[in-house]
>>> print(open('upload-v8.cif').read())   # mmCIF, C-alpha atoms and all ligand atoms
data_final
#
loop_
_atom_site.group_PDB
_atom_site.id
_atom_site.type_symbol
_atom_site.label_atom_id
_atom_site.label_comp_id
_atom_site.auth_asym_id
_atom_site.auth_seq_id
_atom_site.Cartn_x
_atom_site.Cartn_y
_atom_site.Cartn_z
ATOM 1 C CA MET K 1 0.000 0.000 0.000
ATOM 2 C CA GLY K 2 1.113 3.531 -0.661
ATOM 3 C CA ILE K 3 1.191 6.457 1.725
ATOM 4 C CA GLN K 4 -2.221 7.706 0.653
ATOM 5 C CA GLU K 5 -3.933 4.346 1.269
ATOM 6 C CA ASN K 6 -2.109 3.935 4.566
ATOM 7 C CA TYR K 7 -3.090 7.377 5.736
ATOM 8 C CA THR K 8 -6.720 6.947 4.774
ATOM 9 C CA ALA K 9 -6.858 3.554 6.479
ATOM 10 C CA ILE K 10 -5.467 4.989 9.730
ATOM 11 C CA LYS K 11 -7.806 7.983 9.650
ATOM 12 C CA ASP K 12 -10.747 5.612 9.165
ATOM 13 C CA GLN K 13 -9.796 3.738 12.336
ATOM 14 C CA LEU K 14 -9.642 6.819 14.558
ATOM 15 C CA PRO K 15 -12.796 7.750 16.442
ATOM 16 C CA GLU K 16 -13.865 11.363 16.301
ATOM 17 C CA GLY K 17 -11.949 13.454 18.786
ATOM 18 C CA VAL K 18 -8.747 11.414 18.597
ATOM 19 C CA GLN K 19 -5.861 13.457 17.251
ATOM 20 C CA LEU K 20 -3.379 11.909 14.840
ATOM 21 C CA VAL K 21 0.268 12.923 15.088
ATOM 22 C CA ALA K 22 1.916 11.663 11.901
ATOM 23 C CA VAL K 23 5.440 10.609 12.881
ATOM 24 C CA SER K 24 7.663 11.472 9.930
ATOM 25 C CA LYS K 25 11.120 10.745 11.402
ATOM 26 C CA THR K 26 13.599 9.301 8.871
ATOM 27 C CA HIS K 27 11.194 9.971 5.998
ATOM 28 C CA PRO K 28 11.935 12.636 3.361
ATOM 29 C CA VAL K 29 10.146 15.967 3.101
ATOM 30 C CA GLU K 30 8.430 14.740 -0.078
ATOM 31 C CA ALA K 31 6.639 12.080 1.971
ATOM 32 C CA VAL K 32 5.665 14.639 4.607
ATOM 33 C CA GLN K 33 4.348 16.946 1.901
ATOM 34 C CA GLU K 34 2.315 14.086 0.440
ATOM 35 C CA VAL K 35 0.589 13.452 3.758
ATOM 36 C CA TYR K 36 0.156 17.182 4.320
ATOM 37 C CA ASP K 37 -1.563 17.441 0.946
ATOM 38 C CA LEU K 38 -4.044 14.821 2.141
ATOM 39 C CA GLY K 39 -5.069 17.206 4.893
ATOM 40 C CA GLN K 40 -2.728 16.260 7.767
ATOM 41 C CA LYS K 41 -1.403 19.246 9.719
ATOM 42 C CA VAL K 42 0.185 17.675 12.801
ATOM 43 C CA PHE K 43 3.552 15.943 12.443
ATOM 44 C CA GLY K 44 5.983 14.475 14.948
ATOM 45 C CA GLU K 45 9.767 14.252 14.827
ATOM 46 C CA ASN K 46 12.085 12.790 17.445
ATOM 47 C CA LYS K 47 15.365 14.553 16.666
ATOM 48 C CA VAL K 48 16.051 18.283 16.733
ATOM 49 C CA GLN K 49 18.557 18.175 13.897
ATOM 50 C CA GLU K 50 16.210 16.355 11.549
ATOM 51 C CA LEU K 51 13.361 18.680 12.455
ATOM 52 C CA MET K 52 15.553 21.732 11.787
ATOM 53 C CA GLU K 53 16.377 20.363 8.338
ATOM 54 C CA LYS K 54 12.767 19.685 7.411
ATOM 55 C CA TYR K 55 11.085 22.691 8.996
ATOM 56 C CA PRO K 56 12.175 25.342 6.436
ATOM 57 C CA LEU K 57 11.227 23.128 3.500
ATOM 58 C CA LEU K 58 7.645 22.459 4.514
ATOM 59 C CA PRO K 59 4.437 24.515 4.863
ATOM 60 C CA LYS K 60 4.464 26.963 7.762
ATOM 61 C CA ASP K 61 1.063 25.929 9.104
ATOM 62 C CA ILE K 62 2.304 22.467 10.090
ATOM 63 C CA GLU K 63 2.047 21.899 13.841
ATOM 64 C CA TRP K 64 5.335 20.270 14.763
ATOM 65 C CA HIS K 65 5.492 18.030 17.814
ATOM 66 C CA LEU K 66 8.796 16.919 19.269
ATOM 67 C CA ILE K 67 8.340 13.366 20.541
ATOM 68 C CA GLY K 68 11.909 12.264 21.277
ATOM 69 C CA HIS K 69 14.285 12.841 24.161
ATOM 70 C CA LEU K 70 15.356 16.484 24.143
ATOM 71 C CA GLN K 71 18.658 17.802 25.473
ATOM 72 C CA THR K 72 18.371 21.132 27.259
ATOM 73 C CA ASN K 73 21.052 22.742 25.062
ATOM 74 C CA LYS K 74 18.921 22.121 21.960
ATOM 75 C CA VAL K 75 15.695 23.699 23.205
ATOM 76 C CA LYS K 76 16.725 27.102 21.844
ATOM 77 C CA TYR K 77 16.700 25.877 18.242
ATOM 78 C CA ILE K 78 13.076 24.776 18.243
ATOM 79 C CA ALA K 79 11.642 27.278 20.739
ATOM 80 C CA PRO K 80 10.641 29.823 18.057
ATOM 81 C CA PHE K 81 8.284 27.490 16.222
ATOM 82 C CA ILE K 82 7.605 24.179 17.977
ATOM 83 C CA ASN K 83 3.914 23.601 18.660
ATOM 84 C CA THR K 84 4.191 20.937 21.356
ATOM 85 C CA ILE K 85 7.049 19.189 23.116
ATOM 86 C CA GLN K 86 5.652 15.797 24.089
ATOM 87 C CA SER K 87 8.809 14.465 25.689
ATOM 88 C CA VAL K 88 9.364 16.486 28.859
ATOM 89 C CA ASP K 89 11.155 14.055 31.141
ATOM 90 C CA SER K 90 12.861 16.291 33.710
ATOM 91 C CA GLU K 91 12.343 19.468 35.709
ATOM 92 C CA LYS K 92 15.525 20.898 34.232
ATOM 93 C CA LEU K 93 14.152 20.470 30.722
ATOM 94 C CA LEU K 94 10.801 22.012 31.630
ATOM 95 C CA ALA K 95 12.562 25.039 33.151
ATOM 96 C CA GLU K 96 14.707 25.450 30.042
ATOM 97 C CA ILE K 97 11.678 25.261 27.729
ATOM 98 C CA SER K 98 9.937 27.931 29.789
ATOM 99 C CA LYS K 99 13.017 30.160 29.645
ATOM 100 C CA GLU K 100 13.464 29.823 25.885
ATOM 101 C CA ALA K 101 9.743 30.263 25.258
ATOM 102 C CA GLY K 102 9.940 33.510 27.245
ATOM 103 C CA LYS K 103 12.809 34.761 25.098
ATOM 104 C CA ASN K 104 10.588 34.164 22.085
ATOM 105 C CA ASP K 105 7.643 35.909 23.722
ATOM 106 C CA ARG K 106 5.462 32.858 23.575
ATOM 107 C CA ALA K 107 4.182 29.934 25.556
ATOM 108 C CA ILE K 108 5.082 26.425 24.460
ATOM 109 C CA LYS K 109 2.692 23.544 24.957
ATOM 110 C CA VAL K 110 4.230 20.493 26.560
ATOM 111 C CA LEU K 111 3.260 17.020 27.657
ATOM 112 C CA LEU K 112 4.915 15.339 30.591
ATOM 113 C CA GLN K 113 6.378 12.039 29.441
ATOM 114 C CA VAL K 114 5.750 9.404 32.064
ATOM 115 C CA LYS K 115 7.581 6.113 32.269
ATOM 116 C CA ILE K 116 4.996 3.358 32.189
ATOM 117 C CA ALA K 117 6.974 0.631 30.422
ATOM 118 C CA ALA K 118 8.723 -2.146 32.272
ATOM 119 C CA GLU K 119 11.780 -1.696 30.046
ATOM 120 C CA GLU K 120 14.750 0.101 31.540
ATOM 121 C CA SER K 121 15.592 1.948 28.357
ATOM 122 C CA LYS K 122 12.553 4.170 28.025
ATOM 123 C CA PHE K 123 12.773 7.796 29.058
ATOM 124 C CA GLY K 124 10.167 9.426 31.221
ATOM 125 C CA LEU K 125 9.290 10.787 34.634
ATOM 126 C CA GLU K 126 8.308 8.445 37.408
ATOM 127 C CA ILE K 127 4.668 8.880 38.440
ATOM 128 C CA ASP K 128 5.628 10.729 41.633
ATOM 129 C CA GLU K 129 7.998 13.031 39.776
ATOM 130 C CA ALA K 130 5.243 13.900 37.311
ATOM 131 C CA LYS K 131 2.880 14.749 40.171
ATOM 132 C CA THR K 132 5.476 16.944 41.857
ATOM 133 C CA LEU K 133 6.279 18.776 38.653
ATOM 134 C CA PHE K 134 2.617 19.333 37.860
ATOM 135 C CA GLN K 135 2.053 20.775 41.334
ATOM 136 C CA LYS K 136 4.926 23.221 40.861
ATOM 137 C CA TYR K 137 3.364 24.228 37.562
ATOM 138 C CA ILE K 138 0.006 24.798 39.232
ATOM 139 C CA ASP K 139 1.788 26.867 41.873
ATOM 140 C CA GLY K 140 3.016 29.208 39.152
ATOM 141 C CA GLU K 141 6.460 27.959 38.169
ATOM 142 C CA PHE K 142 7.387 27.593 34.480
ATOM 143 C CA SER K 143 5.307 30.579 33.419
ATOM 144 C CA ASN K 144 5.970 30.209 29.684
ATOM 145 C CA VAL K 145 4.898 26.623 29.302
ATOM 146 C CA GLU K 146 1.424 25.214 29.150
ATOM 147 C CA ILE K 147 1.249 21.621 30.348
ATOM 148 C CA THR K 148 -1.565 20.289 28.216
ATOM 149 C CA GLY K 149 -1.302 16.595 29.000
ATOM 150 C CA LEU K 150 0.694 13.410 29.359
ATOM 151 C CA MET K 151 2.594 11.131 27.013
ATOM 152 C CA GLY K 152 3.664 7.552 27.492
ATOM 153 C CA MET K 153 5.007 4.546 25.655
ATOM 154 C CA ALA K 154 4.101 0.994 26.539
ATOM 155 C CA THR K 155 6.555 -1.874 26.656
ATOM 156 C CA PHE K 156 7.459 -3.309 23.257
ATOM 157 C CA THR K 157 5.779 -6.706 23.646
ATOM 158 C CA ASP K 158 3.106 -8.923 22.108
ATOM 159 C CA ASP K 159 1.465 -9.224 25.517
ATOM 160 C CA LYS K 160 -1.651 -7.107 24.907
ATOM 161 C CA ASP K 161 -2.747 -7.309 28.534
ATOM 162 C CA GLN K 162 0.535 -5.872 29.741
ATOM 163 C CA VAL K 163 0.343 -3.057 27.189
ATOM 164 C CA LYS K 164 -3.183 -2.181 28.260
ATOM 165 C CA GLU K 165 -2.251 -2.340 31.925
ATOM 166 C CA GLU K 166 0.504 0.195 31.282
ATOM 167 C CA PHE K 167 -1.781 2.493 29.297
ATOM 168 C CA LEU K 168 -4.349 2.362 32.096
ATOM 169 C CA ILE K 169 -1.727 3.466 34.617
ATOM 170 C CA LEU K 170 -1.204 6.622 32.562
ATOM 171 C CA LYS K 171 -4.941 7.116 32.145
ATOM 172 C CA GLY K 172 -5.281 6.931 35.944
ATOM 173 C CA LEU K 173 -2.635 9.603 36.422
ATOM 174 C CA PHE K 174 -4.244 11.737 33.708
ATOM 175 C CA ASP K 175 -7.597 11.618 35.515
ATOM 176 C CA GLU K 176 -5.952 12.425 38.833
ATOM 177 C CA LEU K 177 -4.021 15.446 37.553
ATOM 178 C CA ASN K 178 -7.010 16.578 35.527
ATOM 179 C CA GLN K 179 -8.845 17.116 38.830
ATOM 180 C CA LEU K 180 -6.198 19.645 39.845
ATOM 181 C CA LYS K 181 -6.078 21.551 36.554
ATOM 182 C CA THR K 182 -7.747 20.667 33.295
ATOM 183 C CA LEU K 183 -5.660 18.631 30.891
ATOM 184 C CA LYS K 184 -6.485 18.142 27.246
ATOM 185 C CA THR K 185 -4.181 15.547 25.750
ATOM 186 C CA LEU K 186 -3.435 11.947 26.617
ATOM 187 C CA SER K 187 -0.866 10.870 24.032
ATOM 188 C CA MET K 188 -0.342 7.136 23.879
ATOM 189 C CA GLY K 189 -0.304 4.538 21.149
ATOM 190 C CA MET K 190 1.873 4.004 18.080
ATOM 191 C CA SER K 191 1.430 1.984 14.855
ATOM 192 C CA ASP K 192 1.255 -1.367 16.649
ATOM 193 C CA ASP K 193 -0.754 -0.463 19.704
ATOM 194 C CA PHE K 194 -2.872 2.608 18.993
ATOM 195 C CA PRO K 195 -6.223 0.745 19.006
ATOM 196 C CA ALA K 196 -5.429 -0.552 22.509
ATOM 197 C CA ALA K 197 -4.343 2.924 23.572
ATOM 198 C CA ILE K 198 -7.609 4.434 22.388
ATOM 199 C CA GLU K 199 -9.555 1.755 24.271
ATOM 200 C CA CYS K 200 -7.615 2.834 27.360
ATOM 201 C CA GLY K 201 -8.466 6.504 26.938
ATOM 202 C CA ALA K 202 -5.867 7.993 24.573
ATOM 203 C CA ASN K 203 -7.109 11.015 22.642
ATOM 204 C CA SER K 204 -3.905 11.518 20.667
ATOM 205 C CA VAL K 205 -1.889 8.824 18.898
ATOM 206 C CA ARG K 206 1.573 8.963 17.326
ATOM 207 C CA VAL K 207 1.645 6.873 14.172
ATOM 208 C CA GLY K 208 4.709 6.563 11.941
ATOM 209 C CA SER K 209 5.373 3.331 10.082
ATOM 210 C CA ALA K 210 1.713 2.494 9.522
ATOM 211 C CA ILE K 211 1.518 5.670 7.421
ATOM 212 C CA PHE K 212 4.982 6.169 5.945
ATOM 213 C CA GLY K 213 6.149 2.566 5.769
ATOM 214 C CA ARG K 214 9.140 1.024 7.495
ATOM 215 C CA ARG K 215 11.979 3.240 8.582
ATOM 216 C CA ASP K 216 15.414 2.773 7.052
ATOM 217 C CA TYR K 217 18.048 3.820 9.577
ATOM 218 C CA SER K 218 20.948 2.880 7.322
ATOM 219 C CA LYS K 219 20.756 6.125 5.306
HETATM 220 C C1 LIG N 301 8.902 6.595 16.344
HETATM 221 C C2 LIG N 301 7.944 6.956 17.404
HETATM 222 C C3 LIG N 301 6.572 6.749 17.241
HETATM 223 C C4 LIG N 301 5.964 6.107 16.004
HETATM 224 O O1 LIG N 301 6.314 4.770 15.930
HETATM 225 P P1 LIG N 301 5.639 3.793 14.852
HETATM 226 O O2 LIG N 301 5.771 2.462 15.466
HETATM 227 O O3 LIG N 301 6.438 3.946 13.604
HETATM 228 O O4 LIG N 301 4.247 4.216 14.677
HETATM 229 C C5 LIG N 301 5.721 7.148 18.254
HETATM 230 N N1 LIG N 301 6.183 7.718 19.385
HETATM 231 C C6 LIG N 301 7.488 7.938 19.593
HETATM 232 C C7 LIG N 301 7.915 8.569 20.862
HETATM 233 C C8 LIG N 301 8.421 7.568 18.613
HETATM 234 O O5 LIG N 301 9.714 7.786 18.833
#
>>> encode(input="upload-v8.cif", output="structure tokens", more="lines below")
Ligand SMILES: *Cc1c(COP(=O)(O)O)cnc(C)c1O
Amino acid sequence: MGIQENYTAIKDQLPEGVQLVAVSKTHPVEAVQEVYDLGQKVFGENKVQELMEKYPLLPKDIEWHLIGHLQTNKVKYIAPFINTIQSVDSEKLLAEISKEAGKNDRAIKVLLQVKIAAEESKFGLEIDEAKTLFQKYIDGEFSNVEITGLMGMATFTDDKDQVKEEFLILKGLFDELNQLKTLKTLSMGMSDDFPAAIECGANSVRVGSAIFGRRDYSK
């Protein structure tokens, strides 16, 4: 199947109200443009350098989401234009985003990335750290960020029950924090597990290979 068929098939599977972030990492700007021309406006990249290469070549009304681990010294490059940083995994990073957003006279939307996977390798805040950070935000710290929700990645496994269990942990935290201050976005689910994520309450999914095809990291 080509990109157009893939994209249409994914869109058909998403209930109303579920946002699609098309994850274009490793794919050329021509492929991004093709999906954009089908009506997609929200795209996700996981590396600052790749985003900086693509950004000037693509339409200015694209909403770019950063979904990969972000080093504090690179925040300044994306601060002028990034729509949402989904991968906030430390207080230091959140403070830096707020500072750089301030320099650009804007507020940047962010999601707190919470570690829900059993795997050691995945980035993210522990549940308690996320709660603490959110409380500081409510108390008025980080004045140039808007925490709009949470992001999480489940363990890479065929065990559907485990994946759902992990998604439900994040949904529980989302509901809890949402009582303190309204949150909009619960970002969970990728090509292989987005239907499960939606069942567990996700209202934003990050889909790459199911739209663009397999990624080739050798280039
Ligand atoms: C690459 C990536 C995705 C998309 O993965 P696919 O399996 O290709 O859909 C989603 N979220 C994050 C954080 C990613 O790095």
>>> residues_around(input="upload-v8.cif", residues="range 67-76 of chain K", least_positions_apart="4", cutoff="8 Å", atoms="only C-alpha atoms", output="list of chain:residue names")
K:Gly44, K:Glu45, K:Asn46, K:Lys47, K:Val48, K:Pro80, K:Ile85, K:Gln86, K:Ser87, K:Val88, K:Asp89, K:Lys92, K:Leu93, K:Glu96, K:Ile97, K:Glu100, K:Phe123
>>> residues_near_point(input="upload-v8.cif", point="(5.7, 9.5, 23.2)", cutoff="9 Å", atoms="only C-alpha atoms", output="list in words")
Leu66, Ile67, Gly68, Gln86, Ser87, Gln113, Val114, Leu150, Met151, Gly152, Met153, Ser187, Met188, Gly189, Met190, Val205 and Arg206 of chain K
>>> resolve_selection(input="upload-v8.cif", expression="the PyMOL selection byres (((chain K and resi 196) around 12) and not hetatm)", output="PyMOL selection string")
chain K and resi 13-14+154+158-168+188-195+197-203+205
>>> residues_near_point(input="upload-v8.cif", point="(13.2, 21.0, 10.5)", cutoff="12 Å", atoms="all atoms listed in the file", output="number ranges by chain")
K: 24-26, 28-29, 32, 43-60, 62-66, 77-78, 80-82
>>> atom_distance(input="upload-v8.cif", atom1="CA of Phe134 in chain K", atom2="CA of Leu177 in chain K")
7.7 Å
>>> closest_residue(input="upload-v8.cif", among="K:Ser218, K:Lys131, K:Val23, K:Asn104", to="ligand LIG 301 (chain N)", atoms="all atoms listed in the file")
K:Val23
>>> build_atoms(input="upload-v8.cif", residues="range 198-212 of chain K", atoms="N, CA, C and O atoms", output="PDB file, in the coordinates of the input")
ATOM      1  N   ILE K 198      -6.339   3.701  22.463  1.00  0.00           N
ATOM      2  CA  ILE K 198      -7.609   4.434  22.388  1.00  0.00           C
ATOM      3  C   ILE K 198      -8.646   3.788  23.317  1.00  0.00           C
ATOM      4  O   ILE K 198      -9.372   4.481  24.032  1.00  0.00           O
ATOM      5  N   GLU K 199      -8.667   2.460  23.328  1.00  0.00           N
ATOM      6  CA  GLU K 199      -9.555   1.755  24.271  1.00  0.00           C
ATOM      7  C   GLU K 199      -9.278   2.174  25.710  1.00  0.00           C
ATOM      8  O   GLU K 199     -10.178   2.203  26.547  1.00  0.00           O
ATOM      9  N   CYS K 200      -8.011   2.473  25.993  1.00  0.00           N
ATOM     10  CA  CYS K 200      -7.615   2.834  27.360  1.00  0.00           C
ATOM     11  C   CYS K 200      -7.700   4.335  27.617  1.00  0.00           C
ATOM     12  O   CYS K 200      -7.259   4.806  28.661  1.00  0.00           O
ATOM     13  N   GLY K 201      -8.219   5.090  26.661  1.00  0.00           N
ATOM     14  CA  GLY K 201      -8.466   6.504  26.938  1.00  0.00           C
ATOM     15  C   GLY K 201      -7.596   7.505  26.197  1.00  0.00           C
ATOM     16  O   GLY K 201      -7.727   8.711  26.416  1.00  0.00           O
ATOM     17  N   ALA K 202      -6.701   7.044  25.334  1.00  0.00           N
ATOM     18  CA  ALA K 202      -5.867   7.993  24.573  1.00  0.00           C
ATOM     19  C   ALA K 202      -6.754   8.864  23.687  1.00  0.00           C
ATOM     20  O   ALA K 202      -7.707   8.372  23.083  1.00  0.00           O
ATOM     21  N   ASN K 203      -6.417  10.159  23.611  1.00  0.00           N
ATOM     22  CA  ASN K 203      -7.109  11.015  22.642  1.00  0.00           C
ATOM     23  C   ASN K 203      -6.131  11.638  21.660  1.00  0.00           C
ATOM     24  O   ASN K 203      -6.474  12.553  20.916  1.00  0.00           O
ATOM     25  N   SER K 204      -4.896  11.120  21.663  1.00  0.00           N
ATOM     26  CA  SER K 204      -3.905  11.518  20.667  1.00  0.00           C
ATOM     27  C   SER K 204      -2.993  10.320  20.451  1.00  0.00           C
ATOM     28  O   SER K 204      -2.545   9.708  21.431  1.00  0.00           O
ATOM     29  N   VAL K 205      -2.749   9.973  19.197  1.00  0.00           N
ATOM     30  CA  VAL K 205      -1.889   8.824  18.898  1.00  0.00           C
ATOM     31  C   VAL K 205      -0.759   9.269  17.975  1.00  0.00           C
ATOM     32  O   VAL K 205      -0.918  10.213  17.202  1.00  0.00           O
ATOM     33  N   ARG K 206       0.381   8.597  18.102  1.00  0.00           N
ATOM     34  CA  ARG K 206       1.573   8.963  17.326  1.00  0.00           C
ATOM     35  C   ARG K 206       1.890   7.814  16.374  1.00  0.00           C
ATOM     36  O   ARG K 206       2.442   6.796  16.789  1.00  0.00           O
ATOM     37  N   VAL K 207       1.532   7.990  15.116  1.00  0.00           N
ATOM     38  CA  VAL K 207       1.645   6.873  14.172  1.00  0.00           C
ATOM     39  C   VAL K 207       2.650   7.203  13.069  1.00  0.00           C
ATOM     40  O   VAL K 207       2.511   8.207  12.370  1.00  0.00           O
ATOM     41  N   GLY K 208       3.676   6.359  12.956  1.00  0.00           N
ATOM     42  CA  GLY K 208       4.709   6.563  11.941  1.00  0.00           C
ATOM     43  C   GLY K 208       4.659   5.516  10.851  1.00  0.00           C
ATOM     44  O   GLY K 208       4.142   5.747   9.758  1.00  0.00           O
ATOM     45  N   SER K 209       5.193   4.331  11.141  1.00  0.00           N
ATOM     46  CA  SER K 209       5.373   3.331  10.082  1.00  0.00           C
ATOM     47  C   SER K 209       4.078   2.879   9.421  1.00  0.00           C
ATOM     48  O   SER K 209       4.084   2.539   8.244  1.00  0.00           O
ATOM     49  N   ALA K 210       2.977   2.915  10.133  1.00  0.00           N
ATOM     50  CA  ALA K 210       1.713   2.494   9.522  1.00  0.00           C
ATOM     51  C   ALA K 210       1.243   3.492   8.458  1.00  0.00           C
ATOM     52  O   ALA K 210       0.383   3.175   7.645  1.00  0.00           O
ATOM     53  N   ILE K 211       1.830   4.691   8.469  1.00  0.00           N
ATOM     54  CA  ILE K 211       1.518   5.670   7.421  1.00  0.00           C
ATOM     55  C   ILE K 211       2.627   5.702   6.363  1.00  0.00           C
ATOM     56  O   ILE K 211       2.389   5.565   5.172  1.00  0.00           O
ATOM     57  N   PHE K 212       3.862   5.897   6.852  1.00  0.00           N
ATOM     58  CA  PHE K 212       4.982   6.169   5.945  1.00  0.00           C
ATOM     59  C   PHE K 212       5.711   4.917   5.484  1.00  0.00           C
ATOM     60  O   PHE K 212       6.585   4.974   4.631  1.00  0.00           O
TER      61      PHE K 212
END
